[in-house]
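A.B. asks: Quick one: the structure is below, questions incoming.
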Amino acid sequence: MTTEQALPVAVVTGGARGIGRGIAEWFLEAGYRIALLDIDADTLSQTEQALHDPIRVLAVPCDVSAPTQVQKAIDEVATNFGRIDALVNNAGVALFKPIGETSYEEWRYVLSTNLDGAFLCTQACVPVMLRTGGGSIVNIASISGLRASTLRVAYGTSKAGIIHLTKQQAVELGTRGIRVNAIAPGPVDTDMAKLVHSVAIRADYHDVIPLNRYGTIAEIAAAAGFLCSSAASYINGQILAVDGGFEAAGVGLPTLRKNSVIDAE
């Protein structure tokens with residue numbers, strides 16, 4: 001066995017950009033080999049070239065909502081790397097529409113990617129993980145899965161499903177040496193957020209998040225990496241909100257918060 005073949009392997013879905021790419025880079029820096037799955041083949045190829053490590057980076061175009069594609073992709077990872085130690089189910093899509101204007105096709109598009117994708121990728125990876133004694137899975141949920149929000153009937157429901165799927169997986173797979181946890185990010189300063197969040201929306205979020213800012217990709221990646229690491233070896237079935245206190249704040253009326261400020265002496 002070569003030195004490279006002894007390195008652990010992490011599979012990251014939706015790994016071509018944003019949070020997924022940030023998580024992949026965390027694993028690379030931690031000494032893993034990484035397999036990136038993404039439906040956007042062009043961006044995936046660009047990311048693979050930018051990471052510039054053909055020995056430790058494998059890019060596999062894949063639609064995570066398609067069972068045949070998922071199994072083929074994971075088979076390719078197993079053939080090339082020989083093992084899988086971590087899986088981060090990050091691939092996801094968002095649709096923001098009123099309930100009455102959300103079509104069934106749009107509903108299915110969001111749920112099939114966000115929820116079915118995590119189910120399918122986990123099923124495909126688990127047998128490979130078991131060959132080397134287990135591993136760790138992190139599902140990327142959302143704060144929208146913990147608290148309802150306007151225009152998120154499909155997205156929020158899919159992420160709530162991810163949260164319960166995580167608990168189901170943790171209970172069953174934990175007995176086989178596979179830990180499963182989820183991260184529920186709050187607003188994160190990604191390129192997509194910069195495009196779709198207006199100045200007013202950003203101000204609203206700052207008002208209701210106790211830390212008064214968006215999270216960073218690096219902060220989400222660090223949380224995912226921690227949950228996959230040996231430092232989290234007794235953590236299973238948990239939902240970690242990485243959100244600056246957003247979920248804990250409840251209603252969080254800005255006017256009341258302003259009246260509670262204590263000035264430093």
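Ligands are numbered from 1 in the order shown, residues from 1 within each chain, and chains are lettered A, B, ... in the order they appear in the structure tokens.
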Per DSSP on the backbone, filter stretch 95-216 of chain A down to the residues in strand (DSSP E) and report them as a ChimeraX atom specification.

C.D. replies: /A:135-140,178-185

A.B. asks: Mind checking which residues fall within 6 Å of A:Tyr32, counting only C-alpha atoms, ignoring those fewer than 2 positions away in the same chain, and posting them as a PDB file with N, CA and C atoms, in the first residue's frame?

C.D. replies:
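Once everything was written out, this is selection_20.pdb:
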```
ATOM      1  N   LEU A   7      -4.344   7.148   2.964  1.00  0.00           N
ATOM      2  CA  LEU A   7      -5.040   8.360   3.399  1.00  0.00           C
ATOM      3  C   LEU A   7      -6.546   8.127   3.450  1.00  0.00           C
ATOM      4  N   PRO A   8      -7.227   8.709   4.435  1.00  0.00           N
ATOM      5  CA  PRO A   8      -8.689   8.588   4.479  1.00  0.00           C
ATOM      6  C   PRO A   8      -9.340   9.310   3.302  1.00  0.00           C
ATOM      7  N   VAL A   9     -10.578   8.950   3.033  1.00  0.00           N
ATOM      8  CA  VAL A   9     -11.292   9.483   1.865  1.00  0.00           C
ATOM      9  C   VAL A   9     -12.601  10.133   2.305  1.00  0.00           C
ATOM     10  N   PHE A  27     -11.042  19.217   4.044  1.00  0.00           N
ATOM     11  CA  PHE A  27     -10.578  17.827   4.085  1.00  0.00           C
ATOM     12  C   PHE A  27      -9.197  17.688   3.451  1.00  0.00           C
ATOM     13  N   LEU A  28      -8.964  18.383   2.358  1.00  0.00           N
ATOM     14  CA  LEU A  28      -7.645  18.328   1.727  1.00  0.00           C
ATOM     15  C   LEU A  28      -6.563  18.795   2.698  1.00  0.00           C
ATOM     16  N   ALA A  30      -6.673  18.705   5.806  1.00  0.00           N
ATOM     17  CA  ALA A  30      -6.576  17.763   6.926  1.00  0.00           C
ATOM     18  C   ALA A  30      -5.945  16.435   6.512  1.00  0.00           C
TER      19      ALA A  30
END
```

A.B. asks: With only C-alpha atoms as the atoms that count, which of A:Gly237, A:Gly225, A:Gly20, A:Gly161 lies nearest to A:Arg179?

C.D. replies: A:Gly237

A.B. asks: Mind checking which residues fall within 8 Å of A:Ile19, counting only C-alpha atoms, ignoring those fewer than 6 positions away in the same chain, and posting them as an mmCIF file with N, CA and C atoms, in the first residue's frame?

C.D. replies:
```
data_model
loop_
_atom_site.group_PDB
_atom_site.id
_atom_site.type_symbol
_atom_site.label_atom_id
_atom_site.label_comp_id
_atom_site.auth_asym_id
_atom_site.auth_seq_id
_atom_site.Cartn_x
_atom_site.Cartn_y
_atom_site.Cartn_z
ATOM 1 N N ASN A 90 -24.048 17.505 0.930
ATOM 2 C CA ASN A 90 -24.199 18.952 0.847
ATOM 3 C C ASN A 90 -25.035 19.399 -0.350
ATOM 4 N N THR A 190 -22.102 33.367 0.928
ATOM 5 C CA THR A 190 -21.673 32.728 -0.304
ATOM 6 C C THR A 190 -21.931 33.671 -1.480
ATOM 7 N N ILE A 217 -18.082 30.519 4.792
ATOM 8 C CA ILE A 217 -17.928 29.151 4.294
ATOM 9 C C ILE A 217 -16.925 28.394 5.169
ATOM 10 N N ILE A 220 -18.557 26.960 8.319
ATOM 11 C CA ILE A 220 -19.373 25.768 8.079
ATOM 12 C C ILE A 220 -18.476 24.573 7.811
ATOM 13 N N ALA A 221 -17.426 24.776 7.027
ATOM 14 C CA ALA A 221 -16.492 23.696 6.711
ATOM 15 C C ALA A 221 -15.816 23.161 7.970
#
```

A.B. asks: Enter the distance from atom CA of A:Gln71 to atom CA of A:Leu36, in Å, rounded to one decimal.

C.D. replies: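 Taking atom CA of A:Gln71 as the start and atom CA of A:Leu36 as the end point, the length is 14.2 Å.
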
A.B. asks: Fewer than 2 positions away in the same chain doesn't count, so skip those; otherwise give me all residues within 8 Å of A:Ala224, counting only C-alpha atoms, as a PyMOL selection string.

C.D. replies: chain A and resi 23+88+138+183+220-222+226-228

A.B. asks: Using DSSP on the backbone coordinates, identify the residues of stretch 77-225 of chain A assigned to alpha helix (DSSP H); present them as a PDB file with N, CA and C atoms, in the first residue's frame.

C.D. replies:
```
ATOM      1  N   VAL A  77     -15.677   6.042  -7.075  1.00  0.00           N
ATOM      2  CA  VAL A  77     -14.869   6.474  -5.930  1.00  0.00           C
ATOM      3  C   VAL A  77     -14.195   5.260  -5.281  1.00  0.00           C
ATOM      4  N   ALA A  78     -14.974   4.200  -5.074  1.00  0.00           N
ATOM      5  CA  ALA A  78     -14.445   2.995  -4.425  1.00  0.00           C
ATOM      6  C   ALA A  78     -13.344   2.356  -5.269  1.00  0.00           C
ATOM      7  N   THR A  79     -13.532   2.358  -6.582  1.00  0.00           N
ATOM      8  CA  THR A  79     -12.530   1.776  -7.476  1.00  0.00           C
ATOM      9  C   THR A  79     -11.238   2.574  -7.449  1.00  0.00           C
ATOM     10  N   ASN A  80     -11.349   3.889  -7.448  1.00  0.00           N
ATOM     11  CA  ASN A  80     -10.171   4.747  -7.502  1.00  0.00           C
ATOM     12  C   ASN A  80      -9.458   4.887  -6.160  1.00  0.00           C
ATOM     13  N   PHE A  81     -10.231   4.987  -5.083  1.00  0.00           N
ATOM     14  CA  PHE A  81      -9.637   5.263  -3.780  1.00  0.00           C
ATOM     15  C   PHE A  81      -9.636   4.063  -2.829  1.00  0.00           C
ATOM     16  N   TYR A 104     -46.181  21.333  -8.235  1.00  0.00           N
ATOM     17  CA  TYR A 104     -45.783  20.003  -7.775  1.00  0.00           C
ATOM     18  C   TYR A 104     -44.419  19.637  -8.346  1.00  0.00           C
ATOM     19  N   GLU A 105     -44.164  20.017  -9.601  1.00  0.00           N
ATOM     20  CA  GLU A 105     -42.875  19.728 -10.230  1.00  0.00           C
ATOM     21  C   GLU A 105     -41.732  20.432  -9.485  1.00  0.00           C
ATOM     22  N   GLU A 106     -41.967  21.674  -9.063  1.00  0.00           N
ATOM     23  CA  GLU A 106     -40.954  22.401  -8.302  1.00  0.00           C
ATOM     24  C   GLU A 106     -40.748  21.771  -6.924  1.00  0.00           C
ATOM     25  N   TRP A 107     -41.851  21.395  -6.299  1.00  0.00           N
ATOM     26  CA  TRP A 107     -41.797  20.707  -4.998  1.00  0.00           C
ATOM     27  C   TRP A 107     -40.939  19.450  -5.095  1.00  0.00           C
ATOM     28  N   ARG A 108     -41.201  18.622  -6.114  1.00  0.00           N
ATOM     29  CA  ARG A 108     -40.465  17.381  -6.284  1.00  0.00           C
ATOM     30  C   ARG A 108     -38.996  17.646  -6.625  1.00  0.00           C
ATOM     31  N   TYR A 109     -38.725  18.683  -7.401  1.00  0.00           N
ATOM     32  CA  TYR A 109     -37.345  19.028  -7.762  1.00  0.00           C
ATOM     33  C   TYR A 109     -36.519  19.317  -6.517  1.00  0.00           C
ATOM     34  N   VAL A 110     -37.081  20.106  -5.604  1.00  0.00           N
ATOM     35  CA  VAL A 110     -36.354  20.457  -4.392  1.00  0.00           C
ATOM     36  C   VAL A 110     -36.199  19.244  -3.479  1.00  0.00           C
ATOM     37  N   LEU A 111     -37.274  18.510  -3.240  1.00  0.00           N
ATOM     38  CA  LEU A 111     -37.183  17.365  -2.336  1.00  0.00           C
ATOM     39  C   LEU A 111     -36.334  16.238  -2.903  1.00  0.00           C
ATOM     40  N   GLY A 117     -31.489  12.909  -2.361  1.00  0.00           N
ATOM     41  CA  GLY A 117     -30.055  12.841  -2.622  1.00  0.00           C
ATOM     42  C   GLY A 117     -29.267  12.353  -1.423  1.00  0.00           C
ATOM     43  N   ALA A 118     -29.579  12.867  -0.240  1.00  0.00           N
ATOM     44  CA  ALA A 118     -28.882  12.434   0.977  1.00  0.00           C
ATOM     45  C   ALA A 118     -29.175  10.974   1.291  1.00  0.00           C
ATOM     46  N   PHE A 119     -30.408  10.563   1.060  1.00  0.00           N
ATOM     47  CA  PHE A 119     -30.802   9.164   1.275  1.00  0.00           C
ATOM     48  C   PHE A 119     -30.027   8.237   0.338  1.00  0.00           C
ATOM     49  N   LEU A 120     -29.990   8.591  -0.944  1.00  0.00           N
ATOM     50  CA  LEU A 120     -29.356   7.738  -1.946  1.00  0.00           C
ATOM     51  C   LEU A 120     -27.837   7.669  -1.759  1.00  0.00           C
ATOM     52  N   CYS A 121     -27.208   8.810  -1.518  1.00  0.00           N
ATOM     53  CA  CYS A 121     -25.752   8.827  -1.367  1.00  0.00           C
ATOM     54  C   CYS A 121     -25.314   8.057  -0.124  1.00  0.00           C
ATOM     55  N   THR A 122     -26.094   8.167   0.941  1.00  0.00           N
ATOM     56  CA  THR A 122     -25.780   7.417   2.151  1.00  0.00           C
ATOM     57  C   THR A 122     -25.892   5.921   1.893  1.00  0.00           C
ATOM     58  N   GLN A 123     -26.974   5.503   1.256  1.00  0.00           N
ATOM     59  CA  GLN A 123     -27.140   4.079   0.950  1.00  0.00           C
ATOM     60  C   GLN A 123     -25.980   3.545   0.132  1.00  0.00           C
ATOM     61  N   ALA A 124     -25.504   4.325  -0.836  1.00  0.00           N
ATOM     62  CA  ALA A 124     -24.426   3.867  -1.702  1.00  0.00           C
ATOM     63  C   ALA A 124     -23.088   3.827  -0.981  1.00  0.00           C
ATOM     64  N   CYS A 125     -22.856   4.777  -0.061  1.00  0.00           N
ATOM     65  CA  CYS A 125     -21.558   4.876   0.610  1.00  0.00           C
ATOM     66  C   CYS A 125     -21.398   3.904   1.772  1.00  0.00           C
ATOM     67  N   VAL A 126     -22.471   3.587   2.449  1.00  0.00           N
ATOM     68  CA  VAL A 126     -22.376   2.773   3.665  1.00  0.00           C
ATOM     69  C   VAL A 126     -21.668   1.437   3.448  1.00  0.00           C
ATOM     70  N   PRO A 127     -22.009   0.659   2.415  1.00  0.00           N
ATOM     71  CA  PRO A 127     -21.298  -0.614   2.233  1.00  0.00           C
ATOM     72  C   PRO A 127     -19.793  -0.438   2.061  1.00  0.00           C
ATOM     73  N   VAL A 128     -19.372   0.650   1.422  1.00  0.00           N
ATOM     74  CA  VAL A 128     -17.943   0.905   1.242  1.00  0.00           C
ATOM     75  C   VAL A 128     -17.320   1.284   2.580  1.00  0.00           C
ATOM     76  N   MET A 129     -17.999   2.088   3.371  1.00  0.00           N
ATOM     77  CA  MET A 129     -17.492   2.462   4.694  1.00  0.00           C
ATOM     78  C   MET A 129     -17.302   1.238   5.584  1.00  0.00           C
ATOM     79  N   LEU A 130     -18.229   0.305   5.491  1.00  0.00           N
ATOM     80  CA  LEU A 130     -18.183  -0.861   6.371  1.00  0.00           C
ATOM     81  C   LEU A 130     -16.979  -1.754   6.091  1.00  0.00           C
ATOM     82  N   ARG A 131     -16.434  -1.680   4.886  1.00  0.00           N
ATOM     83  CA  ARG A 131     -15.258  -2.493   4.558  1.00  0.00           C
ATOM     84  C   ARG A 131     -14.067  -2.156   5.440  1.00  0.00           C
ATOM     85  N   VAL A 153     -41.603  26.763   1.526  1.00  0.00           N
ATOM     86  CA  VAL A 153     -42.396  25.553   1.768  1.00  0.00           C
ATOM     87  C   VAL A 153     -41.660  24.307   1.298  1.00  0.00           C
ATOM     88  N   ALA A 154     -41.049  24.340   0.129  1.00  0.00           N
ATOM     89  CA  ALA A 154     -40.334  23.169  -0.376  1.00  0.00           C
ATOM     90  C   ALA A 154     -38.949  23.052   0.268  1.00  0.00           C
ATOM     91  N   TYR A 155     -38.213  24.142   0.277  1.00  0.00           N
ATOM     92  CA  TYR A 155     -36.850  24.121   0.823  1.00  0.00           C
ATOM     93  C   TYR A 155     -36.858  23.781   2.311  1.00  0.00           C
ATOM     94  N   GLY A 156     -37.671  24.490   3.079  1.00  0.00           N
ATOM     95  CA  GLY A 156     -37.713  24.252   4.523  1.00  0.00           C
ATOM     96  C   GLY A 156     -38.168  22.848   4.862  1.00  0.00           C
ATOM     97  N   THR A 157     -39.169  22.344   4.123  1.00  0.00           N
ATOM     98  CA  THR A 157     -39.661  20.990   4.375  1.00  0.00           C
ATOM     99  C   THR A 157     -38.583  19.961   4.048  1.00  0.00           C
ATOM    100  N   SER A 158     -37.840  20.189   2.963  1.00  0.00           N
ATOM    101  CA  SER A 158     -36.777  19.245   2.607  1.00  0.00           C
ATOM    102  C   SER A 158     -35.693  19.213   3.681  1.00  0.00           C
ATOM    103  N   LYS A 159     -35.382  20.366   4.243  1.00  0.00           N
ATOM    104  CA  LYS A 159     -34.333  20.425   5.260  1.00  0.00           C
ATOM    105  C   LYS A 159     -34.815  19.860   6.600  1.00  0.00           C
ATOM    106  N   ALA A 160     -36.096  20.033   6.897  1.00  0.00           N
ATOM    107  CA  ALA A 160     -36.658  19.388   8.090  1.00  0.00           C
ATOM    108  C   ALA A 160     -36.599  17.870   7.928  1.00  0.00           C
ATOM    109  N   GLY A 161     -36.864  17.411   6.714  1.00  0.00           N
ATOM    110  CA  GLY A 161     -36.748  15.984   6.436  1.00  0.00           C
ATOM    111  C   GLY A 161     -35.327  15.488   6.620  1.00  0.00           C
ATOM    112  N   ILE A 162     -34.355  16.284   6.195  1.00  0.00           N
ATOM    113  CA  ILE A 162     -32.943  15.928   6.370  1.00  0.00           C
ATOM    114  C   ILE A 162     -32.620  15.748   7.853  1.00  0.00           C
ATOM    115  N   ILE A 163     -33.176  16.625   8.674  1.00  0.00           N
ATOM    116  CA  ILE A 163     -32.901  16.568  10.110  1.00  0.00           C
ATOM    117  C   ILE A 163     -33.409  15.259  10.711  1.00  0.00           C
ATOM    118  N   HIS A 164     -34.619  14.853  10.335  1.00  0.00           N
ATOM    119  CA  HIS A 164     -35.116  13.589  10.886  1.00  0.00           C
ATOM    120  C   HIS A 164     -34.427  12.389  10.235  1.00  0.00           C
ATOM    121  N   LEU A 165     -34.110  12.492   8.949  1.00  0.00           N
ATOM    122  CA  LEU A 165     -33.350  11.427   8.296  1.00  0.00           C
ATOM    123  C   LEU A 165     -32.028  11.202   9.029  1.00  0.00           C
ATOM    124  N   THR A 166     -31.401  12.280   9.441  1.00  0.00           N
ATOM    125  CA  THR A 166     -30.140  12.181  10.190  1.00  0.00           C
ATOM    126  C   THR A 166     -30.317  11.341  11.451  1.00  0.00           C
ATOM    127  N   LYS A 167     -31.383  11.584  12.178  1.00  0.00           N
ATOM    128  CA  LYS A 167     -31.618  10.836  13.421  1.00  0.00           C
ATOM    129  C   LYS A 167     -31.901   9.364  13.130  1.00  0.00           C
ATOM    130  N   GLN A 168     -32.685   9.109  12.082  1.00  0.00           N
ATOM    131  CA  GLN A 168     -32.955   7.718  11.705  1.00  0.00           C
ATOM    132  C   GLN A 168     -31.654   7.002  11.337  1.00  0.00           C
ATOM    133  N   GLN A 169     -30.835   7.658  10.545  1.00  0.00           N
ATOM    134  CA  GLN A 169     -29.571   7.059  10.121  1.00  0.00           C
ATOM    135  C   GLN A 169     -28.644   6.835  11.313  1.00  0.00           C
ATOM    136  N   ALA A 170     -28.600   7.808  12.221  1.00  0.00           N
ATOM    137  CA  ALA A 170     -27.706   7.702  13.376  1.00  0.00           C
ATOM    138  C   ALA A 170     -28.061   6.517  14.256  1.00  0.00           C
ATOM    139  N   VAL A 171     -29.359   6.308  14.465  1.00  0.00           N
ATOM    140  CA  VAL A 171     -29.814   5.211  15.325  1.00  0.00           C
ATOM    141  C   VAL A 171     -29.469   3.858  14.713  1.00  0.00           C
ATOM    142  N   GLU A 172     -29.685   3.731  13.419  1.00  0.00           N
ATOM    143  CA  GLU A 172     -29.462   2.440  12.770  1.00  0.00           C
ATOM    144  C   GLU A 172     -28.000   2.203  12.418  1.00  0.00           C
ATOM    145  N   LEU A 173     -27.348   3.204  11.855  1.00  0.00           N
ATOM    146  CA  LEU A 173     -25.968   3.013  11.391  1.00  0.00           C
ATOM    147  C   LEU A 173     -24.949   3.099  12.517  1.00  0.00           C
ATOM    148  N   ASP A 191     -21.396  33.311  -2.641  1.00  0.00           N
ATOM    149  CA  ASP A 191     -21.645  34.110  -3.846  1.00  0.00           C
ATOM    150  C   ASP A 191     -23.132  34.155  -4.159  1.00  0.00           C
ATOM    151  N   MET A 192     -23.824  33.022  -3.932  1.00  0.00           N
ATOM    152  CA  MET A 192     -25.259  32.974  -4.205  1.00  0.00           C
ATOM    153  C   MET A 192     -26.022  33.917  -3.281  1.00  0.00           C
ATOM    154  N   ALA A 193     -25.658  33.939  -2.008  1.00  0.00           N
ATOM    155  CA  ALA A 193     -26.327  34.833  -1.062  1.00  0.00           C
ATOM    156  C   ALA A 193     -26.127  36.289  -1.453  1.00  0.00           C
ATOM    157  N   LYS A 194     -24.940  36.593  -1.923  1.00  0.00           N
ATOM    158  CA  LYS A 194     -24.657  37.973  -2.338  1.00  0.00           C
ATOM    159  C   LYS A 194     -25.527  38.390  -3.517  1.00  0.00           C
ATOM    160  N   LEU A 195     -25.883  37.414  -4.352  1.00  0.00           N
ATOM    161  CA  LEU A 195     -26.710  37.712  -5.519  1.00  0.00           C
ATOM    162  C   LEU A 195     -28.185  37.874  -5.171  1.00  0.00           C
ATOM    163  N   VAL A 196     -28.697  37.030  -4.273  1.00  0.00           N
ATOM    164  CA  VAL A 196     -30.145  36.985  -4.037  1.00  0.00           C
ATOM    165  C   VAL A 196     -30.595  37.733  -2.782  1.00  0.00           C
ATOM    166  N   VAL A 199     -29.954  44.362   0.087  1.00  0.00           N
ATOM    167  CA  VAL A 199     -29.434  45.103   1.232  1.00  0.00           C
ATOM    168  C   VAL A 199     -30.418  45.040   2.389  1.00  0.00           C
ATOM    169  N   ALA A 200     -31.709  45.151   2.091  1.00  0.00           N
ATOM    170  CA  ALA A 200     -32.737  45.104   3.135  1.00  0.00           C
ATOM    171  C   ALA A 200     -32.779  43.741   3.808  1.00  0.00           C
ATOM    172  N   ILE A 201     -32.678  42.669   3.023  1.00  0.00           N
ATOM    173  CA  ILE A 201     -32.704  41.322   3.592  1.00  0.00           C
ATOM    174  C   ILE A 201     -31.483  41.099   4.479  1.00  0.00           C
ATOM    175  N   ARG A 202     -30.333  41.550   4.023  1.00  0.00           N
ATOM    176  CA  ARG A 202     -29.124  41.393   4.835  1.00  0.00           C
ATOM    177  C   ARG A 202     -29.245  42.151   6.151  1.00  0.00           C
ATOM    178  N   ALA A 203     -29.836  43.328   6.096  1.00  0.00           N
ATOM    179  CA  ALA A 203     -30.028  44.114   7.319  1.00  0.00           C
ATOM    180  C   ALA A 203     -30.980  43.404   8.270  1.00  0.00           C
ATOM    181  N   ASP A 204     -32.037  42.800   7.698  1.00  0.00           N
ATOM    182  CA  ASP A 204     -32.988  42.037   8.525  1.00  0.00           C
ATOM    183  C   ASP A 204     -32.289  40.890   9.242  1.00  0.00           C
ATOM    184  N   TYR A 205     -31.458  40.158   8.510  1.00  0.00           N
ATOM    185  CA  TYR A 205     -30.740  39.039   9.132  1.00  0.00           C
ATOM    186  C   TYR A 205     -29.803  39.545  10.228  1.00  0.00           C
ATOM    187  N   HIS A 206     -29.101  40.615   9.964  1.00  0.00           N
ATOM    188  CA  HIS A 206     -28.186  41.156  10.974  1.00  0.00           C
ATOM    189  C   HIS A 206     -28.950  41.529  12.242  1.00  0.00           C
ATOM    190  N   ASP A 207     -30.184  42.004  12.075  1.00  0.00           N
ATOM    191  CA  ASP A 207     -30.984  42.408  13.230  1.00  0.00           C
ATOM    192  C   ASP A 207     -31.394  41.225  14.101  1.00  0.00           C
ATOM    193  N   VAL A 208     -31.631  40.055  13.485  1.00  0.00           N
ATOM    194  CA  VAL A 208     -32.155  38.916  14.256  1.00  0.00           C
ATOM    195  C   VAL A 208     -31.100  37.872  14.605  1.00  0.00           C
ATOM    196  N   ILE A 217     -18.082  30.519   4.792  1.00  0.00           N
ATOM    197  CA  ILE A 217     -17.928  29.151   4.294  1.00  0.00           C
ATOM    198  C   ILE A 217     -16.925  28.394   5.169  1.00  0.00           C
ATOM    199  N   ALA A 218     -15.869  29.061   5.566  1.00  0.00           N
ATOM    200  CA  ALA A 218     -14.848  28.405   6.388  1.00  0.00           C
ATOM    201  C   ALA A 218     -15.416  27.935   7.722  1.00  0.00           C
ATOM    202  N   GLU A 219     -16.350  28.679   8.289  1.00  0.00           N
ATOM    203  CA  GLU A 219     -16.938  28.285   9.572  1.00  0.00           C
ATOM    204  C   GLU A 219     -17.820  27.052   9.421  1.00  0.00           C
ATOM    205  N   ILE A 220     -18.557  26.960   8.319  1.00  0.00           N
ATOM    206  CA  ILE A 220     -19.373  25.768   8.079  1.00  0.00           C
ATOM    207  C   ILE A 220     -18.476  24.573   7.811  1.00  0.00           C
ATOM    208  N   ALA A 221     -17.426  24.776   7.027  1.00  0.00           N
ATOM    209  CA  ALA A 221     -16.492  23.696   6.711  1.00  0.00           C
ATOM    210  C   ALA A 221     -15.816  23.161   7.970  1.00  0.00           C
ATOM    211  N   ALA A 222     -15.440  24.057   8.863  1.00  0.00           N
ATOM    212  CA  ALA A 222     -14.783  23.638  10.102  1.00  0.00           C
ATOM    213  C   ALA A 222     -15.711  22.783  10.957  1.00  0.00           C
ATOM    214  N   ALA A 223     -16.996  23.137  10.976  1.00  0.00           N
ATOM    215  CA  ALA A 223     -17.963  22.354  11.752  1.00  0.00           C
ATOM    216  C   ALA A 223     -18.143  20.970  11.143  1.00  0.00           C
ATOM    217  N   ALA A 224     -18.239  20.911   9.811  1.00  0.00           N
ATOM    218  CA  ALA A 224     -18.386  19.617   9.138  1.00  0.00           C
ATOM    219  C   ALA A 224     -17.156  18.754   9.368  1.00  0.00           C
ATOM    220  N   GLY A 225     -15.982  19.368   9.245  1.00  0.00           N
ATOM    221  CA  GLY A 225     -14.753  18.628   9.462  1.00  0.00           C
ATOM    222  C   GLY A 225     -14.646  18.097  10.884  1.00  0.00           C
TER     223      GLY A 225
END
```

A.B. asks: Hey, which of A:Ser142, A:Thr43, A:Thr132, A:Ser229 ends up closest to A:Asn114? Count only C-alpha atoms.

C.D. replies: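 Of the candidates, the smallest distance to A:Asn114 is held by A:Ser142.
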
A.B. asks: At what distance in Å, to one decimal, does atom CA of A:Thr13 lie from atom CA of A:Glu25?

C.D. replies: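 One can read the atom CA of A:Glu25 to atom CA of A:Thr13 distance as 13.0 Å.
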
A.B. asks: Please measure the separation of atom CA of A:Glu29 and atom CA of A:Asp53, giving the value in Å to one decimal.

C.D. replies: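 Interatomic distance, atom CA of A:Glu29 to atom CA of A:Asp53: 11.7 Å.
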
A.B. asks: Please provide the set of residues having any atom within 8 Å of A:Cys62, restricted to only C-alpha atoms, with same-chain residues fewer than 5 positions apart removed, written as a list in words.

C.D. replies: Leu37, Asp38, Ile39, Gln69, Val70 and Ala73 of chain A

A.B. asks: Any idea what's packed within 9 Å of A:Arg152, counting only C-alpha atoms, ignoring anything in its chain fewer than 2 positions away? Could you give it as an mmCIF file with C-alpha atoms, in the first residue's frame?

C.D. replies:
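After the write, selection_11.cif holds the following:
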```cif
data_model
loop_
_atom_site.group_PDB
_atom_site.id
_atom_site.type_symbol
_atom_site.label_atom_id
_atom_site.label_comp_id
_atom_site.auth_asym_id
_atom_site.auth_seq_id
_atom_site.Cartn_x
_atom_site.Cartn_y
_atom_site.Cartn_z
ATOM 1 C CA ALA A 94 -33.436 26.254 -3.267
ATOM 2 C CA LEU A 95 -36.746 27.641 -4.469
ATOM 3 C CA PHE A 96 -38.380 30.620 -2.811
ATOM 4 C CA LYS A 97 -42.053 30.935 -3.731
ATOM 5 C CA PRO A 98 -45.391 31.301 -1.956
ATOM 6 C CA ILE A 99 -47.116 27.987 -1.183
ATOM 7 C CA SER A 144 -34.924 26.656 7.641
ATOM 8 C CA ALA A 148 -40.326 28.078 9.398
ATOM 9 C CA SER A 149 -39.780 31.040 7.113
ATOM 10 C CA THR A 150 -41.717 32.781 4.379
ATOM 11 C CA ALA A 154 -40.334 23.169 -0.376
ATOM 12 C CA TYR A 155 -36.850 24.121 0.823
ATOM 13 C CA GLY A 156 -37.713 24.252 4.523
ATOM 14 C CA THR A 157 -39.661 20.990 4.375
#
```

A.B. asks: Just checking: using only C-alpha atoms, which residue out of A:Ala232, A:Asp85, A:Ile239, A:Ile209 ends up closest to A:Gly145?

C.D. replies: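 Ranking A:Ala232, A:Asp85, A:Ile239, A:Ile209 by distance to A:Gly145, first place goes to A:Ile239.
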